[in-house]
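Down below is the structure, laid out as structure tokens.
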Amino acid sequence: MRKLKYFLLPLCGILVFLSGCKSNDRVEITALPCQTESGSSALVKSDGEIIGLDFSDQSVGQLVNGFFTVATPDGVTVCRLTSDGPEVVEGLSGLRSAGYMACGVMPVCRPGRHVELVDGAGETVASLELPDGEVTETAPCFIDGALAVTTDSGLSGLVDTEGNFVVTPRFASIGPVSDGLMVAMADAETDGGTTVQLFSVIDVKGNEVFSFPASMTPVCETFAEGKIPVRCEDGFAVADVRAGGALTQLPRSVRRIEDVGDGLIVYRDSSGRRGLMDFSGKSILDPVYRVLRIGSDGVVAANDGAEWSLIGRDGTLIRTLPGFVVVSPAPRESSAGGFAFVGRNAAGSFLLDKKGEIVNTVPLRTIDYSRLLTRKVTTDYPVRTAPVELPGEENPENEP
């Protein structure tokens with residue numbers, strides 16, 4: 001077991017490189033938690049196959065790279081899925097919290113202990129210990145070899161898969177990896193003593209790619225080819241952070257940005273209705289929808305107030321979905337596993353493919369399609385300063 005190495009290095013010019021991920025160790029969801037009609041916990045694959053589990057009435061996590069978690073009365077248990085069925089990973093029961101397996105390691109925390117990085121055999125690779133202070137919270141998994149961590153002082157940094165710091169805890173918050181980039185936020189005081197937030201973009205090697213001027217604020221954490229929507233003095237725009245922040249101004253009709261994915265933007269106009277445009281500002285769907293949700297490959301679940309439908313990224317109607325009361329994209333990390341959408345009607349819950357066809361003919365009681373990156377791995381150590389959230393769809397600053 002290795003203890004975490006703490007490098008006090010400046011952000012720019014860091015020469016410590018993150019351990020690379022194998023292509024089959026990236027974050028890939030291959031089964032979603034569900035409940036059968038009888039109420040039993042299970043996993044459902046993208047082709048509708050049901051994987052039965054011996055964890056009655058327990059909360060089960062998504063199957064990520066062959067591993068999943070189960071919340072039991074004794075704590076969290078990590079399991080792997082083998083050809084013979086699910087089995088508990090030795091030594092990974094009764095945990096306080098656990099993340100997901102990616103890049104060959106998983107962050108976990110035992111009661112009263114430090115956060116550890118463990119491999120697929122349950123062996124500890126590194127213990128995230130600091131000479132002064134504690135790592136009290138981490139992101140749920142590594143992405144492209146990077147894991148965001150937060151200390152008890154409320155500062156965030158990045159570690160690699162061997163537990164080495166490549167970005168020392170200096171930011172108020174670091175967003176998830178998207179397109180190899182992350183939005184980082186730091187607090188700063190003005191001459192008048194007012195605390196302001198400064199935003200920058202870092203990559204998974206710890207290099208600063210771009211620093212946002214005070215007049216420009218990112219409104220989400222999702223990049224596409226180095227571009228990200230921002231709020232600036234003239235309204236909303238898309239900034240190309242790899243081209244020095246070059247701006248593409250969005251139409252003044254954009255009053256709020258609500259979702260971003262695959263180079264598409266769901267926006268709200270002054271009437272409160274939702275529309276869809278691409279990163280160039282080109283309109284794809286007029287703002288006449290009550291709900292728009294971006295799925296994989298830019299396929300959008302749309303509700304006009306009367307019924308749900310699936311619409312392609314070019315605005316072409318794919319299929320109407322009469323009778324469905326909810327249609328939502330599966331987590332974007334599940335697209336490689338073949339998942340597209342999850343819908344619910346009077347009969348139950350169903351997987352839908354990108355053409356709107358029902359995958360599982362037998363209805364399920366529930367299908368858990370929660371976002372993968374919302375989970376945190378936490379310790380028992382007290383946090384003196386609560387982490388500051390980055391801009392997102394719930395931030396009122398997204399609306400002028």
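Letters A, B, ... mark the chains of the structure tokens in the order given; residue numbers begin at 1 per chain; ligand numbers begin at 1, in order shown.
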Need to verify the contact set: stretch 215-231 of chain A, 10 Å, only C-alpha atoms, exclusion of same-chain residues closer than 2 positions in sequence. Can you return it as a tab-separated table (two decimals) with C-alpha atoms, in the first residue's frame?
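What ended up in around_24.tsv:
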```tsv
chain	number	residue	atom	x	y	z
A	174	ILE	CA	-13.29	21.41	-9.80
A	175	GLY	CA	-15.92	20.14	-12.23
A	176	PRO	CA	-16.04	16.69	-13.84
A	177	VAL	CA	-13.87	15.84	-16.84
A	178	SER	CA	-15.51	16.59	-20.18
A	179	ASP	CA	-13.62	16.42	-23.47
A	180	GLY	CA	-10.43	16.12	-21.42
A	181	LEU	CA	-11.09	19.46	-19.69
A	182	MET	CA	-12.45	20.68	-16.35
A	183	VAL	CA	-13.83	23.98	-15.10
A	184	ALA	CA	-12.04	25.06	-11.91
A	197	GLN	CA	-15.08	33.74	-7.99
A	198	LEU	CA	-12.47	33.33	-10.71
A	199	PHE	CA	-12.87	30.55	-13.27
A	200	SER	CA	-10.30	28.72	-15.34
A	201	VAL	CA	-10.00	25.59	-17.45
A	209	VAL	CA	-5.69	25.82	-20.66
A	211	SER	CA	-8.45	31.68	-17.66
A	212	PHE	CA	-11.86	33.32	-17.92
A	213	PRO	CA	-11.89	37.10	-17.65
A	233	GLU	CA	-21.67	41.26	-20.91
A	234	ASP	CA	-23.71	40.89	-24.11
A	235	GLY	CA	-25.73	37.86	-22.99
A	236	PHE	CA	-24.79	34.28	-23.75
A	237	ALA	CA	-22.04	33.02	-26.03
A	238	VAL	CA	-19.91	29.95	-26.73
A	239	ALA	CA	-16.21	30.29	-25.87
A	240	ASP	CA	-13.50	28.26	-27.59
A	241	VAL	CA	-11.04	27.85	-24.72
A	242	ARG	CA	-8.43	26.22	-26.96
A	243	ALA	CA	-8.49	29.28	-29.21
A	245	GLY	CA	-11.58	32.19	-25.58
A	246	ALA	CA	-12.84	33.26	-29.03
A	247	LEU	CA	-16.57	33.95	-28.68
A	248	THR	CA	-19.54	32.96	-30.80
A	249	GLN	CA	-22.42	35.14	-29.65
A	250	LEU	CA	-25.77	33.41	-29.13
A	256	ARG	CA	-31.36	30.75	-19.76
A	257	ILE	CA	-29.25	27.72	-20.67
A	258	GLU	CA	-30.65	24.52	-19.18
A	259	ASP	CA	-28.80	21.59	-20.74
A	260	VAL	CA	-25.69	21.07	-22.85
A	261	GLY	CA	-24.50	17.95	-24.63
A	262	ASP	CA	-22.94	16.79	-27.90
A	263	GLY	CA	-22.47	20.36	-29.05
A	264	LEU	CA	-26.15	21.19	-28.48
A	265	ILE	CA	-27.80	23.69	-26.14
A	279	PHE	CA	-22.85	25.77	-30.50
A	390	LEU	CA	-19.73	25.33	-9.96
A	391	PRO	CA	-22.20	27.05	-12.26
A	392	GLY	CA	-24.93	24.75	-13.51
A	393	GLU	CA	-28.52	24.61	-14.58
A	394	GLU	CA	-29.78	25.45	-11.09
A	395	ASN	CA	-27.59	28.56	-10.78
A	396	PRO	CA	-29.70	31.73	-10.98
A	397	GLU	CA	-26.73	33.49	-12.56
A	398	ASN	CA	-27.51	31.55	-15.74
A	399	GLU	CA	-30.43	33.90	-16.28
A	400	PRO	CA	-29.90	37.59	-17.04
```
* Per DSSP on the backbone, filter stretch 160-302 of chain A down to the residues in strand (DSSP E) and report them as JSON, numbers by chain. => {"A": [165, 166, 167, 168, 169, 170, 171, 173, 174, 181, 182, 183, 184, 185, 186, 187, 188, 189, 195, 196, 197, 198, 199, 200, 201, 202, 203, 208, 209, 210, 211, 217, 218, 227, 228, 229, 230, 231, 232, 235, 236, 237, 238, 239, 240, 246, 247, 248, 249, 256, 257, 258, 259, 260, 261, 264, 265, 266, 267, 268, 274, 275, 276, 277, 278, 283, 284, 285, 286, 287, 288, 289, 291, 292, 293, 294, 300, 301, 302]}
* Asked: Which residues, written as a PyMOL selection string, have at least one atom at most 10 Å from A:Ile29, with only C-alpha atoms counted and residues fewer than 2 positions away on the same chain left out?
  -> chain A and resi 26-27+31-32+45-46+62-68+100+330-339+372
* Would you list the contacts of A:Ser309 as a PyMOL selection string, taking every protein, DNA or RNA residue within 6 Å and counting only C-alpha atoms, but skipping same-chain residues closer than 2 positions in sequence? => chain A and resi 301-302+319-321
* Asked: A:Asp314: which residues within 10 Å, counting only C-alpha atoms, same-chain residues fewer than 3 positions away excluded, as a list in words?
  -> Met277, Asp278, Ser283, Ile284, Leu285, Gly298, Val299, Ile311 and Leu317 of chain A
